[in-house]
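Chemist: Input: one structure, supplied below.
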2 protein chains.
Amino acid sequence: MPIGGAEDHRADKHILRRFVEICGSNHARLLIIPSASSMPHTTGTLYQRIFSSLSVESVTILHVMSRAQANDPTLWQDFDDITGIFFTGGDQLRLLSLIGTTLLGDKVRAWHEQGVHVGGTSAGASAMSEQMIAFGRSGSSPCQRMVQTASGLGLSKAFIIDQHFSQRNRVGRLMTAVALHPRMVGLGIDEDTALMINPDRSCEVIGTGCVTVVDGRQLEYSDMYAAKRYDPFTMSGVNVCRLEAGNHALLAC
Amino acid sequence: MPIGGAEDHRADKHILRRFVEICGSNHARLLIIPSASSMPHTTGTLYQRIFSSLSVESVTILHVMSRAQANDPTLWQDFDDITGIFFTGGDQLRLLSLIGTTLLGDKVRAWHEQGVHVGGTSAGASAMSEQMIAFGRSGSSPCQRMVQTASGLGLSKAFIIDQHFSQRNRVGRLMTAVALHPRMVGLGIDEDTALMINPDRSCEVIGTGCVTVVDGRQLEYSDMYAAKRYDPFTMSGVNVCRLEAGNHALLAC
């Protein structure tokens, strides 16, 4: 469940409540990984408090401060019965610099394949896919150098996920990312909005914003190679669809 | 067989001669794909002449000017008996914009899996891997925004290939690419130099330059996330090795 950041923490907590429900409600056993944050203790404790207020069975923070720790399986040996993992916001490149290609990264993929639910907000959403938007510029037109991609956690080979999407005007950078990786479907998730992706690829949008789907798999033309630096470029055959909350969709990819 | 560009065309033609040998010498049936070039007819004809002078059985140019053509299998229906494919230089992003995620891209992967040898020089070398360096800056220090990666042809999931390597001082951008994709091994190939990669991953360097191997799979630390724009960043645990011509190596990846 990727979340576009800035989800409601105080009122109804609709999205986080839904995450707890799919993880088993009062039987939910959650693991929070706050490594994307520059203040992991503060951020981890914040989400621990929120999830505790939603009456889960347990919620633990896994602090990983170095790649050496992320390669030490004793750190997570007590968590084999978790039902959900939650990645906080921060910087997705910080998260991947700490746990990408480590044993913890492998373990997260293994948990996910075993049916443990994975949620992440903001940077934690971006980090989920195999091709990850590492950073980039705002703007509505795709421009040659506006986005840089990196290897993500690899929970999905089909999607590239962007967040704070409408609020930070990121449609240009998601289109550019799709031009660089036309096998992928771009998912732009607004703030306080989440996309529930089920194992059968059926999806549901929840929250107060939209999800923008940028599908470049039928790309007809791109002259990105001819643009220089931050010049815009031409692309055609990109299928864009915008799903409001409550929409269900089957993402055929 | 990725080639670092600027290979000898006139004298001994050592590298291209070796490519012809592995493709069957006077039984070699070659297909040239010059779509990376901004002058594909000129470039295609140049390589057709060179390979003809090396006494191959046949050498044909496949001109692909649009993605629609790259999705039309009648274009290559007569070439099922080829023994080698050669990608010319130019711009790897132009090549991928034309044939990436098309039926021709699929066909190239199928040919490669069936044992058809694939050679490429400069852009044609970069394009071979799954993660491709699309473009970037020169320099010896890794810097945050110095390289942009995209999806390549996908003939190898293990390598990221760079070319004109020593001549254009590209060690910084290859290290940056490896920091973005630490599961990959970076191969920096000098001009007039090639790396023969056999199906069993044994390799041989040929030509007049070197191949630089940048292996980030044991990455200990990277603070790329903390750098801004073109600031250098710290990374440790990267294994760099430099292989001269005549060197044989087993790339354990």
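By convention in this document, the chains of the structure tokens carry letters A, B, ... by their order, each chain's residues are numbered from 1, and ligands are numbered from 1 in the order they are shown.
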Residues at most 8 Å from Ala177 in chain A, counting only C-alpha atoms, excluding those fewer than 6 positions away in the same chain, as a list in words?
Modeler: Ile133, Val147, Gln148, Thr149, Ile160 and Gly186 of chain A
Chemist: Please identify all residues of chain A having at least one atom at most 10 Å from any atom of chain B, considering only C-alpha atoms, and return them as number ranges by chain.
Modeler: A: 36, 38, 66-68, 91-98, 100-102, 131-132, 134-136, 144-152, 177-184, 216-226, 235
Chemist: Between B:Ala158, B:Leu103, B:Ile22, B:Met175, which is the closest to Gly119 in chain B once you count only C-alpha atoms?
Modeler: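 Closest candidate: B:Ile22.
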Chemist: Tell me which protein, DNA and RNA residues are within 12 Å of Gln77 in chain A, counting only C-alpha atoms, leaving out same-chain ones fewer than 6 positions away, and put them as a list in words.
Modeler: Leu62, Leu104 and Lys107 of chain A
Chemist: Generate the output file for the selected residues, N, CA and C atoms, as a PDB file, in the first residue's frame.
Modeler:
ATOM      1  N   LEU A  62      12.127  -0.922  13.960  1.00  0.00           N
ATOM      2  CA  LEU A  62      13.423  -1.521  13.630  1.00  0.00           C
ATOM      3  C   LEU A  62      14.357  -0.385  13.206  1.00  0.00           C
ATOM      4  N   LEU A 104      18.611  -7.425   4.952  1.00  0.00           N
ATOM      5  CA  LEU A 104      17.308  -6.896   5.367  1.00  0.00           C
ATOM      6  C   LEU A 104      16.431  -6.610   4.146  1.00  0.00           C
ATOM      7  N   LYS A 107      15.105  -9.777   3.091  1.00  0.00           N
ATOM      8  CA  LYS A 107      14.098 -10.258   4.052  1.00  0.00           C
ATOM      9  C   LYS A 107      12.758  -9.542   3.820  1.00  0.00           C
TER      10      LYS A 107
END
Chemist: Which residues are near Pro40 in chain B? Cut-off 10 Å, only C-alpha atoms, ignore same chain within fewer than 6 positions. Put them as an MDAnalysis selection string.
Modeler: chainID B and resid 33:34 46 61:65 88:90
Chemist: Atoms to include: N, CA, C and O atoms. Write the selected residues as an mmCIF file, in the first residue's frame.
Modeler:
data_model
loop_
_atom_site.group_PDB
_atom_site.id
_atom_site.type_symbol
_atom_site.label_atom_id
_atom_site.label_comp_id
_atom_site.auth_asym_id
_atom_site.auth_seq_id
_atom_site.Cartn_x
_atom_site.Cartn_y
_atom_site.Cartn_z
ATOM 1 N N ILE B 33 22.407 -3.051 -36.802
ATOM 2 C CA ILE B 33 21.311 -2.159 -36.394
ATOM 3 C C ILE B 33 21.926 -0.803 -36.060
ATOM 4 O O ILE B 33 22.538 -0.631 -35.008
ATOM 5 N N PRO B 34 21.793 0.193 -36.972
ATOM 6 C CA PRO B 34 22.465 1.474 -36.779
ATOM 7 C C PRO B 34 21.562 2.534 -36.172
ATOM 8 O O PRO B 34 21.844 3.732 -36.295
ATOM 9 N N LEU B 46 28.940 2.183 -43.476
ATOM 10 C CA LEU B 46 30.348 2.097 -43.055
ATOM 11 C C LEU B 46 30.647 0.710 -42.474
ATOM 12 O O LEU B 46 31.595 0.038 -42.880
ATOM 13 N N ILE B 61 21.859 -4.541 -43.314
ATOM 14 C CA ILE B 61 21.533 -3.441 -42.394
ATOM 15 C C ILE B 61 20.025 -3.461 -42.138
ATOM 16 O O ILE B 61 19.243 -3.562 -43.083
ATOM 17 N N LEU B 62 19.639 -3.386 -40.877
ATOM 18 C CA LEU B 62 18.222 -3.281 -40.536
ATOM 19 C C LEU B 62 17.950 -1.824 -40.144
ATOM 20 O O LEU B 62 18.392 -1.371 -39.083
ATOM 21 N N HIS B 63 17.257 -1.110 -41.013
ATOM 22 C CA HIS B 63 16.938 0.288 -40.716
ATOM 23 C C HIS B 63 15.582 0.374 -40.028
ATOM 24 O O HIS B 63 14.585 -0.100 -40.559
ATOM 25 N N VAL B 64 15.581 0.950 -38.862
ATOM 26 C CA VAL B 64 14.340 1.127 -38.100
ATOM 27 C C VAL B 64 14.220 2.615 -37.811
ATOM 28 O O VAL B 64 15.049 3.187 -37.110
ATOM 29 N N MET B 65 13.215 3.240 -38.378
ATOM 30 C CA MET B 65 13.085 4.689 -38.261
ATOM 31 C C MET B 65 11.969 5.102 -37.307
ATOM 32 O O MET B 65 11.806 6.285 -37.018
ATOM 33 N N THR B 88 25.652 -0.174 -33.794
ATOM 34 C CA THR B 88 26.652 0.882 -33.994
ATOM 35 C C THR B 88 26.590 1.898 -32.857
ATOM 36 O O THR B 88 25.708 1.848 -32.000
ATOM 37 N N GLY B 89 27.486 2.865 -32.908
ATOM 38 C CA GLY B 89 27.475 3.963 -31.956
ATOM 39 C C GLY B 89 26.426 5.011 -32.302
ATOM 40 O O GLY B 89 25.671 4.867 -33.262
ATOM 41 N N GLY B 90 26.419 6.067 -31.511
ATOM 42 C CA GLY B 90 25.446 7.150 -31.686
ATOM 43 C C GLY B 90 24.977 7.593 -30.318
ATOM 44 O O GLY B 90 25.777 8.024 -29.492
#
Chemist: For the structure I just gave you, how does DSSP split range 21-174 of chain A - specifically, which residues are strand (DSSP E)? Reply as a PyMOL selection string.
Modeler: chain A and resi 29-33+58-61+84-87+117-121+131-136+147-151+159-162
Chemist: Which parts of range 97-178 of chain A does DSSP call helix (DSSP H, G or I) when run on the backbone here, written out as a short mmCIF file (atom, residue, chain, number, x, y, z; two decimals) with N, CA, C and O atoms, in the first residue's frame?
Modeler:
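Done, and the output landed in out_17.cif:
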data_model
loop_
_atom_site.label_atom_id
_atom_site.label_comp_id
_atom_site.auth_asym_id
_atom_site.auth_seq_id
_atom_site.Cartn_x
_atom_site.Cartn_y
_atom_site.Cartn_z
N SER A 97 20.21 3.50 0.48
CA SER A 97 21.65 3.49 0.80
C SER A 97 21.91 2.65 2.04
O SER A 97 22.96 2.04 2.19
N LEU A 98 20.93 2.60 2.94
CA LEU A 98 21.09 1.81 4.17
C LEU A 98 20.70 0.35 3.97
O LEU A 98 21.39 -0.54 4.47
N ILE A 99 19.61 0.06 3.25
CA ILE A 99 19.16 -1.34 3.24
C ILE A 99 19.09 -1.96 1.84
O ILE A 99 18.83 -3.16 1.72
N LEU A 103 20.87 -7.98 3.46
CA LEU A 103 20.04 -9.11 3.89
C LEU A 103 18.67 -8.62 4.36
O LEU A 103 17.66 -9.32 4.18
N LEU A 104 18.61 -7.42 4.95
CA LEU A 104 17.31 -6.90 5.37
C LEU A 104 16.43 -6.61 4.15
O LEU A 104 15.23 -6.90 4.15
N GLY A 105 17.04 -6.05 3.08
CA GLY A 105 16.30 -5.85 1.83
C GLY A 105 15.74 -7.17 1.31
O GLY A 105 14.57 -7.26 0.92
N ASP A 106 16.57 -8.22 1.33
CA ASP A 106 16.11 -9.55 0.90
C ASP A 106 14.97 -10.03 1.79
O ASP A 106 13.99 -10.62 1.31
N LYS A 107 15.11 -9.78 3.09
CA LYS A 107 14.10 -10.26 4.05
C LYS A 107 12.76 -9.54 3.82
O LYS A 107 11.70 -10.17 3.91
N VAL A 108 12.81 -8.25 3.52
CA VAL A 108 11.57 -7.51 3.26
C VAL A 108 10.87 -8.12 2.04
O VAL A 108 9.65 -8.35 2.06
N ARG A 109 11.63 -8.42 0.98
CA ARG A 109 11.03 -9.06 -0.20
C ARG A 109 10.45 -10.43 0.16
O ARG A 109 9.36 -10.80 -0.29
N ALA A 110 11.17 -11.18 0.99
CA ALA A 110 10.68 -12.51 1.39
C ALA A 110 9.39 -12.39 2.20
O ALA A 110 8.42 -13.12 1.97
N TRP A 111 9.36 -11.47 3.17
CA TRP A 111 8.14 -11.23 3.96
C TRP A 111 6.98 -10.90 3.02
O TRP A 111 5.89 -11.46 3.14
N HIS A 112 7.23 -9.99 2.08
CA HIS A 112 6.20 -9.56 1.15
C HIS A 112 5.67 -10.74 0.33
O HIS A 112 4.46 -10.91 0.16
N GLU A 113 6.58 -11.61 -0.13
CA GLU A 113 6.14 -12.77 -0.91
C GLU A 113 5.34 -13.75 -0.05
O GLU A 113 4.47 -14.46 -0.55
N ALA A 123 8.55 8.92 0.86
CA ALA A 123 9.75 8.18 0.45
C ALA A 123 9.54 6.68 0.59
O ALA A 123 10.02 5.89 -0.23
N GLY A 124 8.80 6.27 1.61
CA GLY A 124 8.53 4.85 1.83
C GLY A 124 7.67 4.25 0.74
O GLY A 124 7.70 3.03 0.51
N ALA A 125 6.88 5.07 0.04
CA ALA A 125 6.10 4.60 -1.11
C ALA A 125 6.99 4.47 -2.34
O ALA A 125 6.99 3.46 -3.03
N SER A 126 7.77 5.52 -2.60
CA SER A 126 8.67 5.50 -3.76
C SER A 126 9.61 4.31 -3.73
O SER A 126 9.93 3.71 -4.77
N VAL A 171 3.89 15.64 -12.43
CA VAL A 171 3.50 14.83 -13.59
C VAL A 171 4.62 14.79 -14.63
O VAL A 171 4.84 13.77 -15.28
N GLY A 172 5.35 15.90 -14.77
CA GLY A 172 6.45 15.92 -15.74
C GLY A 172 7.52 14.90 -15.40
O GLY A 172 7.99 14.17 -16.25
N ARG A 173 7.87 14.82 -14.10
CA ARG A 173 8.96 13.90 -13.75
C ARG A 173 8.51 12.45 -13.83
O ARG A 173 9.30 11.57 -14.18
N LEU A 174 7.22 12.19 -13.57
CA LEU A 174 6.76 10.80 -13.70
C LEU A 174 6.73 10.39 -15.18
O LEU A 174 7.11 9.27 -15.53
N MET A 175 6.30 11.32 -16.06
CA MET A 175 6.33 11.01 -17.50
C MET A 175 7.77 10.80 -17.99
O MET A 175 8.04 9.91 -18.79
N THR A 176 8.69 11.60 -17.47
CA THR A 176 10.09 11.43 -17.85
C THR A 176 10.62 10.07 -17.38
O THR A 176 11.32 9.37 -18.12
N ALA A 177 10.26 9.69 -16.15
CA ALA A 177 10.69 8.39 -15.63
C ALA A 177 10.14 7.25 -16.50
O ALA A 177 10.83 6.27 -16.78
N VAL A 178 8.90 7.40 -16.96
CA VAL A 178 8.28 6.38 -17.81
C VAL A 178 8.96 6.37 -19.19
O VAL A 178 9.16 5.31 -19.79
#
Chemist: State, in Å with one decimal place, the distance from CA of Thr60 in chain A to CA of Gly209 in chain A.
Modeler: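 Separation between CA of Thr60 in chain A and CA of Gly209 in chain A: 29.4 Å.
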Chemist: Mind checking which residues fall within 8 Å of Met1 in chain B, counting only C-alpha atoms, ignoring those fewer than 5 positions away in the same chain, and posting them as a PDB file with N, CA, C and O atoms, in the first residue's frame?
Modeler:
ATOM      1  N   PHE B  19      35.154 -10.280 -33.581  1.00  0.00           N
ATOM      2  CA  PHE B  19      33.691 -10.444 -33.557  1.00  0.00           C
ATOM      3  C   PHE B  19      33.245 -11.334 -34.715  1.00  0.00           C
ATOM      4  O   PHE B  19      32.410 -12.239 -34.538  1.00  0.00           O
ATOM      5  N   HIS B 117      25.437 -14.058 -31.413  1.00  0.00           N
ATOM      6  CA  HIS B 117      26.378 -13.153 -30.737  1.00  0.00           C
ATOM      7  C   HIS B 117      25.938 -11.710 -30.929  1.00  0.00           C
ATOM      8  O   HIS B 117      25.487 -11.341 -32.010  1.00  0.00           O
ATOM      9  N   VAL B 118      26.087 -10.918 -29.881  1.00  0.00           N
ATOM     10  CA  VAL B 118      25.704  -9.514 -29.972  1.00  0.00           C
ATOM     11  C   VAL B 118      26.943  -8.653 -29.694  1.00  0.00           C
ATOM     12  O   VAL B 118      27.581  -8.792 -28.654  1.00  0.00           O
ATOM     13  N   GLY B 119      27.266  -7.801 -30.647  1.00  0.00           N
ATOM     14  CA  GLY B 119      28.350  -6.839 -30.477  1.00  0.00           C
ATOM     15  C   GLY B 119      27.775  -5.441 -30.542  1.00  0.00           C
ATOM     16  O   GLY B 119      26.721  -5.217 -31.145  1.00  0.00           O
ATOM     17  N   GLY B 120      28.464  -4.506 -29.913  1.00  0.00           N
ATOM     18  CA  GLY B 120      28.000  -3.122 -29.998  1.00  0.00           C
ATOM     19  C   GLY B 120      29.132  -2.214 -29.611  1.00  0.00           C
ATOM     20  O   GLY B 120      29.924  -2.552 -28.718  1.00  0.00           O
ATOM     21  N   ALA B 125      27.228  -0.429 -27.071  1.00  0.00           N
ATOM     22  CA  ALA B 125      27.693  -1.200 -25.914  1.00  0.00           C
ATOM     23  C   ALA B 125      26.862  -0.853 -24.683  1.00  0.00           C
ATOM     24  O   ALA B 125      26.364  -1.727 -23.976  1.00  0.00           O
ATOM     25  N   ALA B 194      37.548  -4.084 -26.121  1.00  0.00           N
ATOM     26  CA  ALA B 194      36.270  -4.804 -26.000  1.00  0.00           C
ATOM     27  C   ALA B 194      36.367  -5.847 -24.912  1.00  0.00           C
ATOM     28  O   ALA B 194      37.457  -6.287 -24.544  1.00  0.00           O
ATOM     29  N   LEU B 195      35.215  -6.220 -24.384  1.00  0.00           N
ATOM     30  CA  LEU B 195      35.160  -7.303 -23.404  1.00  0.00           C
ATOM     31  C   LEU B 195      34.335  -8.429 -24.013  1.00  0.00           C
ATOM     32  O   LEU B 195      33.150  -8.249 -24.322  1.00  0.00           O
ATOM     33  N   MET B 196      34.998  -9.565 -24.231  1.00  0.00           N
ATOM     34  CA  MET B 196      34.259 -10.738 -24.704  1.00  0.00           C
ATOM     35  C   MET B 196      33.639 -11.384 -23.484  1.00  0.00           C
ATOM     36  O   MET B 196      34.357 -11.854 -22.600  1.00  0.00           O
ATOM     37  N   ILE B 197      32.317 -11.412 -23.423  1.00  0.00           N
ATOM     38  CA  ILE B 197      31.630 -12.046 -22.283  1.00  0.00           C
ATOM     39  C   ILE B 197      31.022 -13.344 -22.793  1.00  0.00           C
ATOM     40  O   ILE B 197      30.151 -13.335 -23.668  1.00  0.00           O
TER      41      ILE B 197
END
